[in-house]
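Engineer: Enclosed is the structure file final.tsv (TSV, C-alpha atoms and all ligand atoms).
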chain	number	residue	atom	x	y	z
A	1	MET	CA	9.84	-8.52	6.64
A	2	LYS	CA	7.07	-9.22	9.15
A	3	GLY	CA	5.11	-12.48	9.01
A	4	ILE	CA	1.79	-10.64	8.73
A	5	VAL	CA	2.91	-9.32	5.33
A	6	PHE	CA	3.47	-12.93	4.19
A	7	THR	CA	0.34	-14.48	5.72
A	8	GLU	CA	-1.89	-11.78	4.21
A	9	PHE	CA	-0.11	-12.06	0.85
A	10	LEU	CA	-0.78	-15.81	0.75
A	11	ASP	CA	-4.43	-15.13	1.67
A	12	MET	CA	-4.74	-12.68	-1.22
A	13	VAL	CA	-3.17	-15.15	-3.66
A	14	GLU	CA	-5.60	-17.86	-2.54
A	15	GLN	CA	-8.61	-15.53	-2.80
A	16	GLU	CA	-7.68	-14.02	-6.16
A	17	PHE	CA	-5.95	-16.89	-7.97
A	18	GLY	CA	-6.98	-20.04	-6.07
A	19	LEU	CA	-5.35	-22.72	-3.97
A	20	GLU	CA	-3.67	-24.43	-6.93
A	21	THR	CA	-1.74	-21.27	-7.90
A	22	LEU	CA	-0.84	-20.70	-4.25
A	23	ASP	CA	0.60	-24.23	-3.93
A	24	LYS	CA	2.48	-23.86	-7.23
A	25	ILE	CA	4.20	-20.60	-6.32
A	26	ILE	CA	5.13	-21.85	-2.84
A	27	SER	CA	6.79	-24.96	-4.26
A	28	SER	CA	8.51	-23.18	-7.17
A	29	SER	CA	9.89	-20.53	-4.78
A	30	GLN	CA	11.85	-23.17	-2.78
A	31	LEU	CA	11.50	-21.16	0.42
A	32	GLU	CA	13.65	-21.65	3.49
A	33	SER	CA	10.47	-21.26	5.58
A	34	ASN	CA	8.63	-23.74	3.31
A	35	GLY	CA	5.89	-21.10	3.09
A	36	VAL	CA	5.01	-21.53	6.77
A	37	TYR	CA	4.73	-18.11	8.42
A	38	THR	CA	3.44	-16.85	11.76
A	39	SER	CA	2.09	-13.30	11.79
A	40	VAL	CA	4.48	-12.18	14.55
A	41	GLY	CA	7.63	-13.78	13.05
A	42	THR	CA	10.19	-12.00	10.87
A	43	TYR	CA	11.34	-13.49	7.55
A	44	ASP	CA	13.74	-12.72	4.74
A	45	PHE	CA	12.40	-10.20	2.21
A	46	PHE	CA	14.00	-12.39	-0.48
A	47	GLU	CA	11.17	-14.92	0.13
A	48	MET	CA	8.58	-12.24	-0.78
A	49	GLN	CA	10.56	-11.36	-3.91
A	50	LYS	CA	10.56	-15.00	-4.96
A	51	LEU	CA	6.83	-15.42	-4.27
A	52	ILE	CA	5.93	-12.29	-6.25
A	53	GLY	CA	8.30	-13.23	-9.09
A	54	ASN	CA	6.78	-16.70	-9.39
A	55	LEU	CA	3.22	-15.37	-9.13
A	56	SER	CA	4.08	-13.00	-11.96
A	57	ILE	CA	5.38	-15.90	-14.09
A	58	GLU	CA	2.34	-18.03	-13.23
A	59	THR	CA	-0.27	-15.34	-13.98
A	60	GLY	CA	1.50	-13.21	-16.61
A	61	ILE	CA	0.80	-10.10	-14.49
A	62	PRO	CA	3.81	-7.75	-14.06
A	63	ALA	CA	5.36	-7.88	-10.57
A	64	ASN	CA	4.73	-4.17	-9.92
A	65	ASP	CA	1.01	-4.60	-10.67
A	66	LEU	CA	0.88	-7.49	-8.18
A	67	ILE	CA	2.60	-5.37	-5.50
A	68	TYR	CA	0.12	-2.56	-6.18
A	69	ALA	CA	-2.83	-4.97	-5.87
A	70	TYR	CA	-1.36	-6.33	-2.66
A	71	GLY	CA	-1.08	-2.77	-1.27
A	72	LYS	CA	-4.82	-2.31	-1.82
A	73	PHE	CA	-5.51	-5.62	-0.07
A	74	PHE	CA	-3.12	-4.86	2.81
A	75	PHE	CA	-4.82	-1.53	3.50
A	76	GLN	CA	-7.97	-3.43	4.54
A	77	VAL	CA	-5.82	-5.43	6.95
A	78	LEU	CA	-4.44	-2.19	8.44
A	79	THR	CA	-7.89	-0.66	8.90
A	80	ARG	CA	-9.09	-3.85	10.61
A	81	HIS	CA	-6.10	-4.15	12.98
A	82	HIS	CA	-5.31	-0.48	13.61
A	83	LYS	CA	-8.60	1.46	13.74
A	84	ASP	CA	-7.14	3.60	16.55
A	85	ILE	CA	-4.38	4.98	14.30
A	86	PHE	CA	-6.87	6.04	11.60
A	87	SER	CA	-9.09	7.80	14.12
A	88	LEU	CA	-6.21	10.16	14.99
A	89	TYR	CA	-6.33	11.92	11.62
A	90	SER	CA	-9.08	13.95	10.02
A	91	SER	CA	-7.61	14.31	6.52
A	92	PRO	CA	-5.72	11.96	4.18
A	93	ILE	CA	-2.95	14.52	3.59
A	94	GLU	CA	-2.46	14.89	7.35
A	95	MET	CA	-2.31	11.12	7.76
A	96	LEU	CA	0.16	10.52	4.91
A	97	ALA	CA	2.39	13.32	6.17
A	98	SER	CA	2.51	11.52	9.56
A	99	VAL	CA	3.58	8.08	8.30
A	100	GLU	CA	7.30	8.69	8.85
A	101	ASN	CA	7.28	10.54	12.17
A	102	HIS	CA	4.32	8.98	13.87
A	103	ILE	CA	2.64	5.95	12.25
A	104	HIS	CA	5.71	3.90	11.39
A	105	VAL	CA	7.30	4.93	14.70
A	106	GLN	CA	4.36	3.20	16.44
A	107	VAL	CA	4.62	0.29	13.99
A	108	ARG	CA	8.24	-0.31	15.09
A	109	LYS	CA	6.97	-0.72	18.68
A	110	ILE	CA	4.08	-3.03	17.74
A	111	TYR	CA	6.08	-5.09	15.22
A	112	PRO	CA	9.70	-5.37	16.43
A	113	GLY	CA	12.07	-5.96	13.53
A	114	ALA	CA	9.77	-4.33	10.93
A	115	GLU	CA	11.58	-3.19	7.80
A	116	LEU	CA	10.06	0.14	6.88
A	117	PRO	CA	10.69	2.70	4.16
A	118	THR	CA	11.79	6.30	4.81
A	119	PHE	CA	9.57	9.17	3.69
A	120	LYS	CA	10.82	12.73	3.46
A	121	ILE	CA	8.31	15.55	3.09
A	122	MET	CA	9.38	18.07	0.45
A	123	ASN	CA	6.27	20.24	0.40
A	124	GLN	CA	2.95	20.12	2.26
A	125	LYS	CA	-0.18	22.19	1.60
A	126	GLU	CA	-3.77	21.66	2.71
A	127	ASP	CA	-4.66	19.83	-0.51
A	128	SER	CA	-1.29	18.57	-1.77
A	129	LEU	CA	1.77	16.73	-0.53
A	130	GLU	CA	5.13	16.09	-2.13
A	131	MET	CA	7.25	13.40	-0.55
A	132	MET	CA	10.21	11.21	-1.32
A	133	TYR	CA	10.19	7.46	-0.77
A	134	PHE	CA	13.43	5.64	0.06
A	135	SER	CA	13.66	1.86	0.48
A	136	GLU	CA	15.99	-0.86	-0.73
A	137	ARG	CA	12.86	-3.03	-1.10
A	138	SER	CA	11.54	-0.75	-3.90
A	139	MET	CA	7.90	-1.25	-2.87
A	140	TYR	CA	6.80	2.15	-4.17
A	141	MET	CA	3.74	0.66	-5.89
A	142	PHE	CA	2.70	-0.72	-2.50
A	143	ALA	CA	3.06	2.84	-1.16
A	144	LYS	CA	0.98	4.25	-4.04
A	145	ALA	CA	-1.81	1.76	-3.33
A	146	LEU	CA	-1.80	2.60	0.41
A	147	MET	CA	-1.91	6.31	-0.43
A	148	GLU	CA	-4.89	5.90	-2.77
A	149	LYS	CA	-6.72	3.79	-0.22
A	150	THR	CA	-6.03	6.40	2.48
A	151	PHE	CA	-7.91	8.96	0.37
A	152	GLU	CA	-10.73	6.48	-0.21
A	153	HIS	CA	-10.90	5.88	3.55
A	154	TYR	CA	-11.55	9.60	4.11
A	155	HIS	CA	-14.02	9.71	1.18
A	156	LYS	CA	-11.75	11.92	-0.89
A	157	ASN	CA	-10.40	11.62	-4.43
A	158	CYS	CA	-6.75	12.01	-5.34
A	159	TYR	CA	-4.32	12.18	-8.20
A	160	ILE	CA	-0.80	10.82	-7.61
A	161	GLU	CA	2.26	11.36	-9.80
A	162	THR	CA	5.31	9.11	-9.33
A	163	GLU	CA	8.79	9.94	-10.56
A	164	LEU	CA	11.51	7.31	-10.28
A	165	ILE	CA	14.61	9.13	-9.09
A	166	LYS	CA	16.52	5.83	-9.19
A	167	ASN	CA	15.66	3.35	-11.94
A	168	ASP	CA	15.44	0.42	-9.50
A	169	GLY	CA	12.57	2.15	-7.65
A	170	SER	CA	14.52	2.54	-4.42
A	171	GLN	CA	14.06	6.33	-4.52
A	172	VAL	CA	10.77	7.72	-5.80
A	173	LYS	CA	9.20	11.18	-5.72
A	174	PHE	CA	5.44	11.26	-5.02
A	175	LYS	CA	3.30	14.27	-5.86
A	176	ILE	CA	-0.09	13.80	-4.24
A	177	TYR	CA	-3.05	16.05	-5.02
A	178	MET	CA	-6.41	15.96	-3.27
A	179	GLN	CA	-9.15	16.24	-5.90
A	180	PRO	CA	-12.57	17.75	-5.38
A	181	HIS	CA	-15.17	15.02	-4.91
A	182	ALA	CA	-17.42	14.52	-7.93
A	183	ILE	CA	-20.96	15.61	-7.06
A	184	ARG	CA	-23.62	13.33	-8.47
A	185	PRO	CA	-27.09	14.84	-8.97
A	186	LYS	CA	-29.51	13.21	-6.52
A	187	ASN	CA	-32.15	12.48	-9.18
A	188	SER	CA	-29.92	11.94	-12.17
A	189	ASN	CA	-32.70	10.06	-14.02
A	190	ILE	CA	-35.06	13.04	-13.88
A	191	ARG	CA	-34.40	15.38	-16.79
A	192	THR	CA	-35.19	19.07	-16.49
A	193	SER	CA	-37.44	20.38	-19.26
A	194	PRO	CA	-35.66	22.03	-22.19
A	195	THR	CA	-35.55	25.80	-22.05
A	196	THR	CA	-36.29	26.40	-25.75
A	201	LIG	C1	-2.25	2.31	10.26
A	201	LIG	C2	-1.34	2.64	9.38
A	201	LIG	C3	-0.13	1.80	9.01
A	201	LIG	C4	0.41	0.72	9.64
A	201	LIG	C5	-0.06	0.03	10.93
A	201	LIG	C6	1.54	0.27	8.83
A	201	LIG	C7	2.31	-0.85	9.08
A	201	LIG	C8	3.24	-1.39	8.23
A	201	LIG	C9	3.84	-2.70	8.38
A	201	LIG	C10	3.57	-3.69	9.53
A	201	LIG	C11	4.69	-2.89	7.35
A	201	LIG	C12	5.56	-4.13	7.07
A	201	LIG	C13	6.89	-4.04	7.73
A	201	LIG	C14	7.70	-5.29	7.52
A	201	LIG	O1	7.32	-6.15	6.76
A	201	LIG	O2	8.77	-5.49	8.14
A	201	LIG	C15	4.62	-1.68	6.52
A	201	LIG	C16	5.33	-1.49	5.38
A	201	LIG	C17	5.15	-0.42	4.55
A	201	LIG	N1	4.39	0.69	4.79
A	201	LIG	FE1	3.19	1.03	6.38
A	201	LIG	N2	1.70	1.12	7.77
A	201	LIG	C18	0.68	2.05	7.83
A	201	LIG	C19	0.45	3.05	6.95
A	201	LIG	C20	1.16	3.28	5.81
A	201	LIG	C21	0.84	4.27	4.82
A	201	LIG	C22	-0.38	5.20	4.84
A	201	LIG	C23	1.80	4.20	3.86
A	201	LIG	C24	1.89	5.03	2.63
A	201	LIG	C25	2.56	6.12	2.55
A	201	LIG	C26	2.73	3.15	4.25
A	201	LIG	C27	3.83	2.72	3.52
A	201	LIG	C28	4.47	1.51	3.69
A	201	LIG	C29	5.35	0.90	2.70
A	201	LIG	C30	5.68	1.46	1.33
A	201	LIG	C31	5.79	-0.33	3.24
A	201	LIG	C32	6.67	-1.41	2.57
A	201	LIG	C33	8.08	-1.47	3.05
A	201	LIG	C34	9.05	-0.70	2.16
A	201	LIG	O3	8.64	-0.06	1.16
A	201	LIG	O4	10.25	-0.72	2.48
A	201	LIG	N3	2.32	2.61	5.44
A	201	LIG	N4	3.73	-0.80	7.10
As structure tokens - that is how I would like this structure written.
Ligand code: HEM
Structural biologist:
Amino acid sequence: MKGIVFTEFLDMVEQEFGLETLDKIISSSQLESNGVYTSVGTYDFFEMQKLIGNLSIETGIPANDLIYAYGKFFFQVLTRHHKDIFSLYSSPIEMLASVENHIHVQVRKIYPGAELPTFKIMNQKEDSLEMMYFSERSMYMFAKALMEKTFEHYHKNCYIETELIKNDGSQVKFKIYMQPHAIRPKNSNIRTSPTT
């Protein structure tokens, strides 16, 4: 796993839970790296598992919820570092459908040694996308968060169904639906006069 995933994770922990919690989980995880990461380095995924597991114990928040929260946080990092990639797509469905064959292909060049999931498109329409997620790291909640944020980025709403094909989360079916954007009346505080 790339160092940037660790450095940003530690930043999120510090921001959301404070320096004391950060220090505690680093020491209880007994990491080979001692919790010292450089953004371009590559580290064992097991270290991330230990950090998340110990953060879950420390905060009482389930590990999958922490991974989901981290996905939302990491999306901001992606938009900051890779504006050019986002500007290539005009719709969230188009972008998500390109992760496997374009985006992560570029990622492999920018971040040598990146450990990435595999996505397989099962069905694609203008306003829906069905795709399978495969990864031994079982970070499907991270994927769900990135998908939701992709819609937000394009100012669209979505509804996402997940179906665990394997209980350990290493194979998950995503059904993604673009939702019509809720239209808010411009002067919602001005009431029209009753008709009766
Ligand atoms: C500008 C767009 C994107 C960039 C630059 C990017 C880059 C990356 C990087 C650097 C990693 C970490 C690799 C490692 O630690 O070795 C990663 C992992 C991941 N990415 Fe992307 N990504 C992008 C968009 C997306 C989107 C939209 C999705 C959602 C479908 C996605 C799904 C994932 C998942 C689920 C992982 C975790 C690894 C796993 O599950 O095995 N990525 N990505």
Engineer: List the spatial neighbours of region 147-150 of chain A as a list in words - criterion: any atom at most 9 Å away, only C-alpha atoms, same-chain residues fewer than 5 positions off excluded.
Structural biologist: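 Listed by chain and then number, they are Gly71, Lys72, Phe75, Gln76, Pro92, Ile93, Met95, Leu96, Phe142, His155, Lys156, Asn157, Cys158, Tyr159, Ile160 and Ile176 of chain A.
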Engineer: Grab all the atoms of ligand LIG 201 (chain A) that the file lists, wrap them in a box along x, y and z, add 6 Å per side, and give me centre plus edge lengths in Å (one decimal) as JSON.
Structural biologist:
{"center_x": 4.0, "center_y": 0.0, "center_z": 6.0, "size_x": 24.5, "size_y": 24.3, "size_z": 21.8}
Engineer: At a cut-off of 7 Å and counting only C-alpha atoms and all ligand atoms, what residues surround ligand LIG 201 (chain A)? Please answer as a PyMOL selection string.
Structural biologist: chain A and resi 1-2+5+78-79+82+85-86+95-96+99+103-104+107+111+113-117+135-140+142-144+146-147+150
Engineer: Quote the spacing between CA of Leu88 (chain A) and CA of His153 (chain A) in Å to one decimal place.
Structural biologist: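 Between CA of Leu88 (chain A) and CA of His153 (chain A) the gap is 13.1 Å.
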Engineer: Between A:Lys50, A:Arg108, A:His81, A:Lys125, which has the minimum distance to Gln30 (chain A) (counting all atoms listed in the file)?
Structural biologist: A:Lys50
Engineer: Can you work out which one of A:Gln49, A:Gln179, A:Thr21, A:Asn101 has the shortest atom-to-atom distance to Glu152 (chain A), counting only C-alpha atoms?
Structural biologist: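 When distances to Glu152 (chain A) are compared using only C-alpha atoms, the smallest one comes from A:Gln179.
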Engineer: List the spatial neighbours of Glu130 (chain A) as a list of chain:residue names - criterion: any atom at most 12 Å away, all atoms listed in the file, same-chain residues fewer than 6 positions off excluded.
Structural biologist: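 So the residues in contact are A:Ile93, A:Leu96, A:Ala97, A:Phe119, A:Lys120, A:Ile121, A:Met122, A:Asn123, A:Gln124, A:Tyr159, A:Ile160, A:Glu161, A:Thr162, A:Glu163, A:Val172, A:Lys173, A:Phe174, A:Lys175, A:Ile176, A:Tyr177, A:Met178.
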Engineer: I'd like the interatomic distance between CA of Asp23 (chain A) and CA of Pro112 (chain A), to a tenth of an Å.
Structural biologist: 29.2 Å
Engineer: Counting all atoms listed in the file, which residue out of A:Ser91, A:Ser170, A:Gln106, A:Met141 sits closest to Asp65 (chain A)?
Structural biologist: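 The answer is A:Met141, which sits nearest to Asp65 (chain A).
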Engineer: Expressed in Å to a single decimal, how great is the separation between CA of Thr42 (chain A) and CA of Gly3 (chain A)?
Structural biologist: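 CA of Gly3 (chain A) lies at a distance of 5.4 Å from CA of Thr42 (chain A).
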Engineer: If we count only C-alpha atoms and set the cut-off at 9 Å, which residues sit around Ser33 (chain A), ignoring sequence neighbours fewer than 3 positions away in its own chain? Please answer as a compact mmCIF listing (two decimals) with C-alpha atoms, in the coordinates of the input.
Structural biologist:
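Written output follows (out-v9.txt):
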# COMPACT_ATOMS: atom_id res chain seq x y z
CA GLN A 30 11.85 -23.17 -2.78
CA VAL A 36 5.01 -21.53 6.77
CA TYR A 37 4.73 -18.11 8.42
CA TYR A 43 11.34 -13.49 7.55
CA GLU A 47 11.17 -14.92 0.13
Engineer: Restricting the calculation to all atoms listed in the file: of A:Met132, A:Ser56, A:Ile25, A:Tyr154, which residue gets closest to Gly169 (chain A)?
Structural biologist: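 The shortest atom-to-atom distance to Gly169 (chain A) comes from A:Met132.
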Engineer: Fewer than 5 positions away in the same chain doesn't count, so skip those; otherwise give me all residues within 10 Å of Met12 (chain A), counting only C-alpha atoms, as a tab-separated table (two decimals) with C-alpha atoms, keeping the file's coordinate frame.
Structural biologist:
chain	number	residue	atom	x	y	z
A	6	PHE	CA	3.47	-12.93	4.19
A	7	THR	CA	0.34	-14.48	5.72
A	17	PHE	CA	-5.95	-16.89	-7.97
A	18	GLY	CA	-6.98	-20.04	-6.07
A	22	LEU	CA	-0.84	-20.70	-4.25
A	69	ALA	CA	-2.83	-4.97	-5.87
A	70	TYR	CA	-1.36	-6.33	-2.66
A	73	PHE	CA	-5.51	-5.62	-0.07
A	74	PHE	CA	-3.12	-4.86	2.81
Engineer: Between A:Ser29, A:Asn167, A:Asn64, A:Thr38, single out the one closest to Leu51 (chain A), counting all atoms listed in the file.
Structural biologist: A:Ser29
Engineer: Using all atoms listed in the file, which of the listed residues (A:Ile4, A:Ile26, A:Phe151, A:Ile61) sits closest to Tyr89 (chain A)?
Structural biologist: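 Smallest separation from Tyr89 (chain A) among the options: A:Phe151.
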